[in-house]
file work-v4.csv (CSV, C-alpha atoms)
chain,number,residue,atom,x,y,z
A,190,MET,CA,59.7,-32.4,23.9
A,191,GLY,CA,58.9,-28.8,23.1
A,192,GLN,CA,55.4,-27.8,21.9
A,193,GLY,CA,56.2,-25.7,18.9
A,194,THR,CA,55.6,-26.6,15.2
A,195,LEU,CA,59.1,-28.0,14.6
A,196,LYS,CA,59.1,-30.2,17.6
A,197,ALA,CA,55.6,-31.5,16.7
A,198,ILE,CA,56.8,-32.3,13.2
A,199,GLU,CA,59.9,-34.0,14.6
A,200,GLN,CA,57.9,-36.1,17.0
A,201,GLY,CA,55.5,-37.1,14.2
A,202,ALA,CA,58.4,-38.0,11.9
A,203,ARG,CA,60.1,-40.1,14.6
A,204,ILE,CA,56.9,-42.2,15.0
A,205,ALA,CA,56.4,-42.4,11.2
A,206,ILE,CA,60.0,-43.7,10.6
A,207,ASP,CA,59.3,-46.7,12.8
A,208,MET,CA,55.9,-47.3,11.2
A,209,LEU,CA,57.4,-47.1,7.7
A,210,VAL,CA,60.1,-49.6,8.6
A,211,GLU,CA,57.5,-52.0,10.1
A,212,ALA,CA,55.2,-51.6,7.1
A,213,SER,CA,58.1,-52.5,4.7
A,214,GLU,CA,57.9,-56.1,5.9
A,215,LEU,CA,54.1,-56.4,5.3
A,216,LYS,CA,53.1,-58.6,2.4
A,217,ARG,CA,49.9,-58.6,0.5
A,218,GLU,CA,48.0,-61.8,1.6
A,219,LYS,CA,44.7,-63.4,0.5
A,220,ALA,CA,41.8,-62.5,2.8
A,221,PRO,CA,38.2,-63.7,2.8
A,222,ILE,CA,35.7,-61.3,1.3
A,223,ASP,CA,33.9,-60.9,4.6
A,224,LYS,CA,36.9,-59.0,5.9
A,225,LEU,CA,36.1,-56.3,3.4
A,226,MET,CA,34.6,-53.1,4.9
A,227,ILE,CA,33.7,-50.4,2.4
A,228,ALA,CA,32.2,-46.9,2.8
A,229,VAL,CA,30.1,-45.1,0.3
A,230,ASN,CA,29.9,-41.3,-0.2
A,231,CYS,CA,29.0,-38.9,-3.0
A,232,GLY,CA,29.9,-35.5,-4.3
A,233,ALA,CA,28.8,-33.1,-7.1
A,234,SER,CA,25.6,-35.2,-7.3
A,235,ASP,CA,23.2,-34.5,-10.1
A,236,ALA,CA,20.1,-36.1,-11.5
A,237,THR,CA,22.1,-39.1,-12.8
A,238,SER,CA,23.4,-39.9,-9.3
A,239,GLY,CA,20.1,-41.1,-7.9
A,240,ILE,CA,19.2,-42.9,-11.1
A,241,VAL,CA,22.5,-44.6,-12.0
A,242,ALA,CA,25.7,-44.4,-9.8
A,243,ASN,CA,23.9,-44.5,-6.4
A,244,PRO,CA,21.7,-47.5,-7.2
A,245,ALA,CA,24.7,-49.4,-8.7
A,246,THR,CA,26.6,-48.7,-5.5
A,247,GLY,CA,23.7,-49.9,-3.5
A,248,TYR,CA,23.8,-53.1,-5.4
A,249,VAL,CA,27.4,-53.5,-4.4
A,250,CYS,CA,26.6,-52.8,-0.7
A,251,ASP,CA,23.9,-55.5,-0.8
A,252,LYS,CA,26.1,-58.0,-2.5
A,253,LEU,CA,29.0,-57.4,-0.2
A,254,ILE,CA,26.8,-57.7,2.9
A,255,ASN,CA,25.2,-60.9,1.5
A,256,LEU,CA,28.7,-62.3,1.4
A,257,GLY,CA,29.4,-61.4,5.0
A,258,GLY,CA,31.0,-58.0,4.5
A,259,THR,CA,30.3,-54.5,5.9
A,260,ALA,CA,29.3,-51.2,4.4
A,261,ILE,CA,29.1,-47.7,5.9
A,262,PHE,CA,27.2,-44.7,4.7
A,263,ASN,CA,26.9,-41.3,6.3
A,264,GLU,CA,25.8,-37.8,5.1
A,265,THR,CA,23.2,-37.5,7.8
A,266,ALA,CA,22.1,-34.0,6.6
A,267,GLU,CA,21.6,-35.4,3.1
A,268,ILE,CA,19.2,-38.2,4.1
A,269,MET,CA,16.8,-35.6,5.3
A,270,GLY,CA,13.6,-36.2,3.4
A,271,ALA,CA,14.3,-40.0,2.9
A,272,GLU,CA,15.0,-41.0,6.5
A,273,HIS,CA,11.5,-42.7,6.8
A,274,ILE,CA,12.5,-45.2,4.2
A,275,LEU,CA,15.7,-46.2,6.0
A,276,ALA,CA,14.0,-46.3,9.4
A,277,ARG,CA,11.2,-48.5,8.1
A,278,ARG,CA,13.6,-51.3,7.0
A,279,SER,CA,15.7,-51.2,10.2
A,280,SER,CA,14.9,-52.5,13.7
A,281,PRO,CA,12.5,-50.2,15.7
A,282,GLU,CA,15.4,-49.2,18.0
A,283,VAL,CA,17.8,-48.3,15.1
A,284,GLY,CA,15.0,-46.7,13.1
A,285,LYS,CA,14.0,-44.5,16.1
A,286,ARG,CA,17.7,-43.4,16.6
A,287,LEU,CA,18.0,-42.6,12.9
A,288,LEU,CA,14.9,-40.4,12.9
A,289,GLU,CA,16.3,-38.7,16.1
A,290,ILE,CA,19.7,-37.8,14.5
A,291,VAL,CA,18.1,-36.5,11.3
A,292,LYS,CA,15.8,-34.4,13.5
A,293,GLU,CA,18.8,-33.2,15.5
A,294,VAL,CA,20.4,-32.0,12.3
A,295,GLU,CA,17.2,-30.3,11.1
A,296,ASP,CA,16.6,-28.7,14.5
A,297,TYR,CA,20.1,-27.4,14.4
A,298,VAL,CA,19.4,-25.8,11.1
A,299,LEU,CA,16.1,-24.4,12.4
A,300,SER,CA,17.7,-23.1,15.6
A,301,LEU,CA,20.2,-21.1,13.5
A,302,GLY,CA,17.2,-19.5,11.7
A,303,ILE,CA,18.8,-20.3,8.3
A,304,ASP,CA,17.3,-21.7,5.2
A,305,ILE,CA,19.0,-25.1,4.4
A,306,ARG,CA,18.5,-24.3,0.7
A,307,GLY,CA,21.5,-21.9,1.1
A,308,ASN,CA,23.6,-25.0,1.5
A,309,GLN,CA,21.5,-28.0,0.4
A,310,PRO,CA,21.3,-28.8,-2.4
A,311,LYS,CA,24.6,-27.2,-3.3
A,312,PRO,CA,24.9,-25.0,-6.4
A,313,ASP,CA,26.4,-27.8,-8.5
A,314,ASN,CA,23.5,-30.1,-7.5
A,315,ILE,CA,21.0,-27.5,-8.6
A,316,GLU,CA,22.7,-27.0,-11.9
A,317,GLY,CA,22.6,-30.8,-12.3
A,318,GLY,CA,18.8,-30.8,-11.9
A,319,LEU,CA,18.4,-31.4,-8.2
A,320,THR,CA,15.9,-28.9,-6.7
A,321,THR,CA,15.3,-29.8,-3.0
A,322,VAL,CA,17.1,-31.6,-0.1
A,323,GLU,CA,14.3,-34.2,-0.2
A,324,GLU,CA,15.0,-35.0,-3.9
A,325,LYS,CA,18.7,-35.2,-3.2
A,326,ALA,CA,18.1,-37.5,-0.2
A,327,LEU,CA,16.0,-39.9,-2.1
A,328,GLY,CA,18.7,-40.3,-4.7
A,329,ASN,CA,21.4,-40.4,-2.0
A,330,ILE,CA,20.0,-43.3,0.0
A,331,ALA,CA,20.0,-45.6,-3.0
A,332,LYS,CA,23.8,-45.8,-2.4
A,333,ALA,CA,23.2,-47.7,0.9
A,334,GLY,CA,21.4,-50.6,-0.8
A,335,SER,CA,18.4,-52.3,0.8
A,336,HIS,CA,19.7,-54.0,4.0
A,337,PRO,CA,18.5,-52.9,7.4
A,338,ILE,CA,20.9,-50.6,9.3
A,339,GLN,CA,22.6,-52.5,12.1
A,340,ALA,CA,23.5,-49.5,14.2
A,341,ILE,CA,24.2,-45.7,14.1
A,342,ILE,CA,27.9,-45.2,14.7
A,343,SER,CA,29.6,-41.9,15.5
A,344,TYR,CA,32.3,-40.2,13.5
A,345,ALA,CA,35.3,-42.6,13.1
A,346,GLU,CA,33.7,-45.2,15.3
A,347,LYS,CA,34.4,-48.8,14.4
A,348,PRO,CA,31.3,-50.9,13.6
A,349,ALA,CA,30.7,-53.6,16.2
A,350,GLY,CA,29.7,-56.2,13.6
A,351,LYS,CA,29.0,-56.9,10.0
A,352,GLY,CA,26.3,-55.5,7.7
A,353,LEU,CA,25.2,-51.9,7.0
A,354,TYR,CA,26.0,-49.0,9.3
A,355,HIS,CA,25.2,-45.3,9.3
A,356,MET,CA,27.9,-43.0,10.5
A,357,TYR,CA,26.3,-39.9,12.0
A,358,SER,CA,28.5,-37.2,10.4
A,359,SER,CA,28.9,-34.4,7.9
A,360,PRO,CA,28.4,-35.1,4.2
A,361,ALA,CA,31.6,-33.4,3.1
A,362,GLY,CA,33.8,-35.8,1.1
A,363,ALA,CA,37.3,-35.3,2.6
A,364,GLU,CA,36.1,-35.4,6.2
A,365,SER,CA,33.8,-38.3,5.5
A,366,ASN,CA,36.7,-40.3,4.1
A,367,THR,CA,38.8,-39.6,7.2
A,368,GLY,CA,36.1,-40.9,9.4
A,369,PHE,CA,35.6,-44.0,7.2
A,370,PHE,CA,39.3,-45.0,7.0
A,371,ALA,CA,39.9,-44.2,10.7
A,372,CYS,CA,37.1,-46.6,11.7
A,373,GLY,CA,38.6,-49.4,9.6
A,374,ALA,CA,37.0,-49.1,6.1
A,375,GLN,CA,39.5,-50.2,3.4
A,376,ILE,CA,37.9,-48.5,0.4
A,377,THR,CA,35.4,-45.8,-0.3
A,378,ILE,CA,33.1,-45.9,-3.3
A,379,PHE,CA,32.4,-42.3,-4.3
A,380,THR,CA,29.7,-41.6,-6.7
A,381,THR,CA,29.7,-38.3,-8.7
A,382,GLY,CA,27.4,-36.7,-11.2
A,383,LYS,CA,29.0,-33.6,-12.4
A,384,GLY,CA,32.5,-34.8,-11.5
A,385,ASN,CA,34.6,-34.6,-8.3
A,386,PRO,CA,38.3,-35.3,-8.2
A,387,VAL,CA,38.4,-36.3,-4.5
A,388,GLY,CA,40.9,-38.8,-3.2
A,389,HIS,CA,42.3,-39.4,0.3
A,390,ILE,CA,45.7,-39.7,2.0
A,391,LEU,CA,44.6,-42.8,4.0
A,392,GLY,CA,43.0,-45.0,1.4
A,393,PRO,CA,41.6,-45.6,-2.1
A,394,VAL,CA,38.5,-43.7,-3.3
A,395,ILE,CA,36.8,-45.3,-6.3
A,396,LYS,CA,35.0,-42.7,-8.4
A,397,VAL,CA,32.0,-43.9,-10.4
A,398,THR,CA,29.6,-41.9,-12.5
A,399,GLY,CA,26.4,-42.4,-14.5
A,400,ASN,CA,26.9,-39.0,-16.4
A,401,HIS,CA,28.3,-39.5,-19.9
A,402,ARG,CA,29.2,-35.8,-20.1
A,403,THR,CA,31.4,-36.0,-17.0
A,404,VAL,CA,33.1,-39.0,-18.5
A,405,SER,CA,34.1,-37.0,-21.5
A,406,THR,CA,35.0,-33.8,-19.6
A,407,ALA,CA,37.0,-35.3,-16.8
A,408,PRO,CA,38.0,-38.9,-17.7
A,409,GLU,CA,41.1,-38.7,-15.5
A,410,ASN,CA,38.9,-38.4,-12.4
A,411,ILE,CA,36.6,-41.2,-13.2
A,412,ASP,CA,37.5,-44.9,-12.4
A,413,LEU,CA,34.3,-46.4,-13.7
A,414,ASP,CA,31.9,-45.2,-16.3
A,415,ILE,CA,28.4,-46.7,-16.0
A,416,SER,CA,26.6,-44.0,-18.0
A,417,ALA,CA,25.2,-46.7,-20.4
A,418,VAL,CA,22.5,-47.3,-17.8
A,419,LEU,CA,21.0,-43.9,-18.5
A,420,LYS,CA,20.7,-44.7,-22.2
A,421,GLY,CA,19.0,-48.0,-21.4
A,422,GLN,CA,22.0,-50.0,-22.7
A,423,MET,CA,22.9,-51.5,-19.4
A,424,ASP,CA,20.8,-52.3,-16.3
A,425,ILE,CA,21.6,-51.5,-12.6
A,426,GLU,CA,22.5,-55.1,-11.9
A,427,GLU,CA,25.1,-55.2,-14.8
A,428,ALA,CA,26.5,-51.8,-13.7
A,429,GLY,CA,26.6,-53.1,-10.1
A,430,GLU,CA,28.5,-56.2,-11.1
A,431,ASP,CA,31.0,-54.1,-13.0
A,432,LEU,CA,31.5,-51.9,-9.9
A,433,PHE,CA,31.8,-55.0,-7.6
A,434,SER,CA,34.5,-56.4,-9.9
A,435,PHE,CA,36.3,-53.1,-9.9
A,436,LEU,CA,36.1,-53.0,-6.1
A,437,LEU,CA,37.7,-56.4,-5.8
A,438,GLN,CA,40.5,-55.3,-8.2
A,439,VAL,CA,41.2,-52.3,-6.0
A,440,ALA,CA,41.0,-54.5,-2.8
A,441,SER,CA,43.7,-56.6,-4.6
A,442,GLY,CA,46.0,-53.7,-5.1
A,443,LYS,CA,45.0,-51.9,-8.3
A,444,ILE,CA,45.3,-48.1,-7.8
A,445,THR,CA,42.6,-45.6,-8.4
A,446,LYS,CA,42.7,-42.5,-10.5
A,447,SER,CA,42.8,-40.2,-7.5
A,448,GLU,CA,45.9,-42.2,-6.2
A,449,ALA,CA,47.6,-41.9,-9.6
A,450,LEU,CA,46.9,-38.2,-9.5
A,451,LYS,CA,48.0,-37.9,-5.9
A,452,HIS,CA,44.7,-36.4,-4.8
A,453,ASN,CA,45.6,-36.7,-1.1
A,454,GLU,CA,42.8,-34.7,0.4
A,455,PHE,CA,42.5,-34.8,4.2
A,456,ALA,CA,40.1,-33.1,6.6
A,457,ILE,CA,38.5,-33.9,9.9
A,458,SER,CA,35.1,-32.8,11.3
A,459,ARG,CA,35.1,-29.6,13.3
A,460,ILE,CA,33.4,-29.4,16.7
A,461,GLY,CA,29.8,-28.8,16.0
A,462,LEU,CA,27.9,-30.0,13.1
A,463,THR,CA,28.5,-29.2,9.4
A,464,VAL,CA,25.3,-29.3,7.4
B,101,MET,CA,11.0,-39.1,-35.3
B,102,MET,CA,10.3,-37.9,-31.8
B,103,GLU,CA,13.1,-38.8,-29.4
B,104,GLN,CA,12.5,-40.5,-26.1
B,105,LYS,CA,14.3,-38.2,-23.7
B,106,GLY,CA,12.1,-38.5,-20.7
B,107,LEU,CA,12.5,-40.9,-17.8
B,108,LEU,CA,9.6,-41.6,-15.4
B,109,LEU,CA,11.1,-42.9,-12.2
B,110,GLY,CA,8.0,-43.8,-10.1
B,111,THR,CA,4.5,-44.7,-11.2
B,112,ASN,CA,3.0,-42.0,-8.9
B,113,ASP,CA,5.4,-39.3,-10.1
B,114,ASN,CA,4.1,-36.0,-11.4
B,115,VAL,CA,7.5,-35.0,-12.9
B,116,ILE,CA,9.8,-36.7,-15.3
B,117,VAL,CA,13.6,-36.3,-15.7
B,118,VAL,CA,15.2,-35.6,-19.1
B,119,ILE,CA,18.3,-37.5,-20.2
B,120,GLU,CA,19.2,-35.0,-22.9
B,121,ASP,CA,18.7,-31.3,-23.3
B,122,VAL,CA,15.1,-30.6,-24.5
B,123,ASN,CA,14.2,-27.4,-26.4
B,124,THR,CA,11.1,-25.2,-26.0
B,125,ASN,CA,8.2,-26.6,-28.0
B,126,GLU,CA,10.0,-29.9,-28.5
B,127,VAL,CA,7.8,-33.0,-28.2
B,128,CYS,CA,9.4,-35.3,-25.7
B,129,GLY,CA,8.7,-39.0,-25.4
B,130,ILE,CA,9.1,-41.0,-22.3
B,131,ILE,CA,11.2,-44.2,-22.3
B,132,LYS,CA,9.1,-47.3,-22.1
B,133,LYS,CA,5.9,-45.3,-21.7
B,134,ASP,CA,3.3,-44.4,-24.2
B,135,ILE,CA,3.3,-40.8,-23.1
B,136,GLU,CA,4.6,-37.6,-24.8
B,137,LEU,CA,4.5,-34.0,-23.8
B,138,THR,CA,5.6,-30.7,-25.3
B,139,ALA,CA,8.2,-28.8,-23.4
B,140,LYS,CA,7.2,-25.2,-22.5
B,141,ASN,CA,10.8,-24.1,-21.8
B,142,ASN,CA,14.3,-25.2,-22.5
B,143,ILE,CA,15.0,-28.1,-20.1
B,144,PRO,CA,18.6,-28.9,-19.5
B,145,PHE,CA,19.9,-32.5,-19.2
B,146,GLY,CA,18.9,-34.0,-15.8
B,147,HIS,CA,16.2,-31.4,-15.0
B,148,LYS,CA,12.5,-32.1,-14.5
B,149,ILE,CA,9.4,-31.4,-16.5
B,150,ALA,CA,5.8,-31.4,-15.1
B,151,LEU,CA,3.9,-34.4,-16.3
B,152,CYS,CA,0.5,-32.7,-15.5
B,153,ASP,CA,-0.7,-29.3,-14.3
B,154,LEU,CA,0.3,-28.7,-10.7
B,155,ALA,CA,-1.5,-26.1,-8.4
B,156,LYS,CA,0.5,-23.8,-6.1
B,157,GLY,CA,0.9,-25.7,-2.8
B,158,GLU,CA,0.6,-29.1,-4.5
B,159,LYS,CA,3.1,-31.9,-3.6
B,160,VAL,CA,5.7,-32.7,-6.2
B,161,VAL,CA,6.4,-36.4,-6.5
B,162,LYS,CA,9.5,-38.1,-7.8
B,163,TYR,CA,10.7,-41.7,-7.1
B,164,ASN,CA,7.1,-42.1,-5.7
B,165,GLU,CA,8.1,-39.8,-2.8
B,166,ILE,CA,7.4,-36.2,-2.0
B,167,ILE,CA,10.3,-33.9,-3.0
B,168,GLY,CA,8.7,-30.6,-2.1
B,169,ILE,CA,5.8,-28.3,-2.9
B,170,ALA,CA,4.9,-26.2,-5.9
B,171,THR,CA,5.4,-22.5,-5.0
B,172,LYS,CA,3.5,-21.4,-8.1
B,173,ASP,CA,0.9,-22.9,-10.4
B,174,ILE,CA,2.8,-25.1,-12.9
B,175,VAL,CA,1.5,-26.2,-16.2
B,176,LYS,CA,2.1,-29.5,-17.9
B,177,GLY,CA,5.3,-29.4,-19.9
B,178,GLU,CA,6.9,-26.7,-17.8
B,179,HIS,CA,10.4,-26.8,-16.3
B,180,VAL,CA,10.1,-27.7,-12.6
B,181,HIS,CA,13.1,-26.4,-10.5
B,182,THR,CA,14.0,-23.9,-7.8
B,183,HIS,CA,11.8,-21.1,-9.3
B,184,ASN,CA,8.6,-23.1,-8.8
B,185,LEU,CA,9.4,-26.0,-6.4
B,186,SER,CA,10.6,-25.7,-2.8
B,187,SER,CA,11.8,-28.0,-0.1
B,188,ILE,CA,9.6,-28.3,3.0
B,189,ARG,CA,12.5,-29.5,5.2
B,190,GLY,CA,15.2,-27.5,7.1
B,191,ARG,CA,13.6,-24.1,6.6
B,192,GLY,CA,14.6,-22.2,9.6
B,193,ASP,CA,13.9,-19.0,7.7
B,194,LEU,CA,10.2,-19.9,7.7
B,195,GLU,CA,9.9,-20.7,11.5
B,196,GLY,CA,6.7,-19.1,12.7
B,197,GLU,CA,5.3,-18.8,9.2
B,198,MET,CA,4.6,-22.5,8.5

call {"tool": "encode", "arguments": {"input": "work-v4.csv", "output": "structure tokens"}}
result
Amino acid sequence: MGQGTLKAIEQGARIAIDMLVEASELKREKAPIDKLMIAVNCGASDATSGIVANPATGYVCDKLINLGGTAIFNETAEIMGAEHILARRSSPEVGKRLLEIVKEVEDYVLSLGIDIRGNQPKPDNIEGGLTTVEEKALGNIAKAGSHPIQAIISYAEKPAGKGLYHMYSSPAGAESNTGFFACGAQITIFTTGKGNPVGHILGPVIKVTGNHRTVSTAPENIDLDISAVLKGQMDIEEAGEDLFSFLLQVASGKITKSEALKHNEFAISRIGLTV
Amino acid sequence: MMEQKGLLLGTNDNVIVVIEDVNTNEVCGIIKKDIELTAKNNIPFGHKIALCDLAKGEKVVKYNEIIGIATKDIVKGEHVHTHNLSSIRGRGDLEGEM
């Protein structure tokens, strides 16, 4: 084999042909719910994210874990300011490790002599009403529900057991999803405030929002609208149940909007940390 | 009829979030609370309003947790955002100053 672009593509295509033939014989089979491993992530967060879509997603994580399943969350830089809450409910060992990795991210930012406000919250978050990284983090962690964290896993590392896991990695959507699907997650629930079209080449990304304006401006990018919560017309439990039902539909083969639109984003984390 | 556009997320909070745009001098009610306040500025959907006067350096609380410190004196009813509230985390630019 040569080492140039065309030889590399040829080598990949030869592997893919065999995989495609093998995959053609696979049939959809019933599986128990405890085989379900989901990941949660967010993008273009605004004030509604922490009030509506993230708590509803947290409800889904809790319910799935109670049924024996697994949920993964990441965005290590974006839990800065709320890490004490996550650490408190986990074992002393996991809690200590979580505080260490958030400090590692913060120390990295400090060592560069930069102001994290240049990058966190992002301009769309600020326009959406989020002022500080702490405020964003407090809304963010609602997505992970209320179970203790079983362990901190590294980028694309497979969880050793069931329950809630934190993947120590960048918050960026496309590279997060690559890490999730590579470690065995089957579906990502992606919450958005101001609207984000993200999908992924490796698996379905369910997009859910609690912002009624986003539902009207970008309906083709939103799988589930739970904005009635903000108006007090629905509670988090009802929204969470709707999202859980939608999750099971997708697990059973229903395609998501991003798949229909062929939003096949893909990225992997670079060497060194992205904050 | 005054509209209830404010949302109080934690009992210890000193800011509220608005779920609709609020105009300057508009009297804004808070959902499920017997509280109202007059907006000092235009407050866009999703943004925060001070529930009480906040002195420069005072901690700003939302979800019952500290989200940063006031960088200026803030009066009740004022828009609370990047111009008067700052993060206290990840500030490499302030190393040696804090």

call {"tool": "residues_near_point", "arguments": {"input": "work-v4.csv", "point": "(30.9, -51.0, 6.2)", "cutoff": "8 Å", "atoms": "all atoms listed in the file", "output": "number ranges by chain"}}
result
A: 225-228, 258-262, 348, 351-354, 374

call {"tool": "interface_residues", "arguments": {"input": "work-v4.csv", "of": "chain A", "to": "chain B", "cutoff": "9 Å", "atoms": "only C-alpha atoms", "output": "mmCIF file with C-alpha atoms, in the frame of the given file"}}
result
data_model
loop_
_atom_site.group_PDB
_atom_site.id
_atom_site.type_symbol
_atom_site.label_atom_id
_atom_site.label_comp_id
_atom_site.auth_asym_id
_atom_site.auth_seq_id
_atom_site.Cartn_x
_atom_site.Cartn_y
_atom_site.Cartn_z
ATOM 1 C CA ASP A 235 23.200 -34.500 -10.100
ATOM 2 C CA ALA A 236 20.100 -36.100 -11.500
ATOM 3 C CA THR A 237 22.100 -39.100 -12.800
ATOM 4 C CA ILE A 240 19.200 -42.900 -11.100
ATOM 5 C CA MET A 269 16.800 -35.600 5.300
ATOM 6 C CA GLY A 270 13.600 -36.200 3.400
ATOM 7 C CA ALA A 271 14.300 -40.000 2.900
ATOM 8 C CA VAL A 294 20.400 -32.000 12.300
ATOM 9 C CA GLU A 295 17.200 -30.300 11.100
ATOM 10 C CA ASP A 296 16.600 -28.700 14.500
ATOM 11 C CA TYR A 297 20.100 -27.400 14.400
ATOM 12 C CA VAL A 298 19.400 -25.800 11.100
ATOM 13 C CA LEU A 299 16.100 -24.400 12.400
ATOM 14 C CA SER A 300 17.700 -23.100 15.600
ATOM 15 C CA LEU A 301 20.200 -21.100 13.500
ATOM 16 C CA GLY A 302 17.200 -19.500 11.700
ATOM 17 C CA ILE A 303 18.800 -20.300 8.300
ATOM 18 C CA ASP A 304 17.300 -21.700 5.200
ATOM 19 C CA ILE A 305 19.000 -25.100 4.400
ATOM 20 C CA ARG A 306 18.500 -24.300 0.700
ATOM 21 C CA ILE A 315 21.000 -27.500 -8.600
ATOM 22 C CA GLU A 316 22.700 -27.000 -11.900
ATOM 23 C CA GLY A 317 22.600 -30.800 -12.300
ATOM 24 C CA GLY A 318 18.800 -30.800 -11.900
ATOM 25 C CA LEU A 319 18.400 -31.400 -8.200
ATOM 26 C CA THR A 320 15.900 -28.900 -6.700
ATOM 27 C CA THR A 321 15.300 -29.800 -3.000
ATOM 28 C CA VAL A 322 17.100 -31.600 -0.100
ATOM 29 C CA GLU A 323 14.300 -34.200 -0.200
ATOM 30 C CA GLU A 324 15.000 -35.000 -3.900
ATOM 31 C CA LYS A 325 18.700 -35.200 -3.200
ATOM 32 C CA LEU A 327 16.000 -39.900 -2.100
ATOM 33 C CA GLY A 328 18.700 -40.300 -4.700
ATOM 34 C CA LEU A 419 21.000 -43.900 -18.500
ATOM 35 C CA LYS A 420 20.700 -44.700 -22.200
ATOM 36 C CA GLY A 421 19.000 -48.000 -21.400
#

call {"tool": "atom_distance", "arguments": {"input": "work-v4.csv", "atom1": "CA of Phe369 (chain A)", "atom2": "CA of Ala345 (chain A)"}}
result
6.1 Å

call {"tool": "residues_around", "arguments": {"input": "work-v4.csv", "residues": "Ser280 (chain A)", "least_positions_apart": "6", "cutoff": "9 Å", "atoms": "only C-alpha atoms", "output": "count of residues only"}}
result
3

call {"tool": "atom_distance", "arguments": {"input": "work-v4.csv", "atom1": "CA of Glu346 (chain A)", "atom2": "CA of Cys372 (chain A)"}}
result
5.1 Å

call {"tool": "atom_distance", "arguments": {"input": "work-v4.csv", "atom1": "CA of Thr138 (chain B)", "atom2": "CA of His401 (chain A)"}}
result
24.9 Å

call {"tool": "residues_near_point", "arguments": {"input": "work-v4.csv", "point": "(6.4, -30.6, -27.4)", "cutoff": "7 Å", "atoms": "only C-alpha atoms", "output": "PyMOL selection string"}}
result
chain B and resi 125-128+137-139

call {"tool": "residues_around", "arguments": {"input": "work-v4.csv", "residues": "Ala417 (chain A)", "least_positions_apart": "6", "cutoff": "9 Å", "atoms": "only C-alpha atoms", "output": "list in words"}}
result
Gly399, Asn400, His401, Met423, Asp424 and Ala428 of chain A
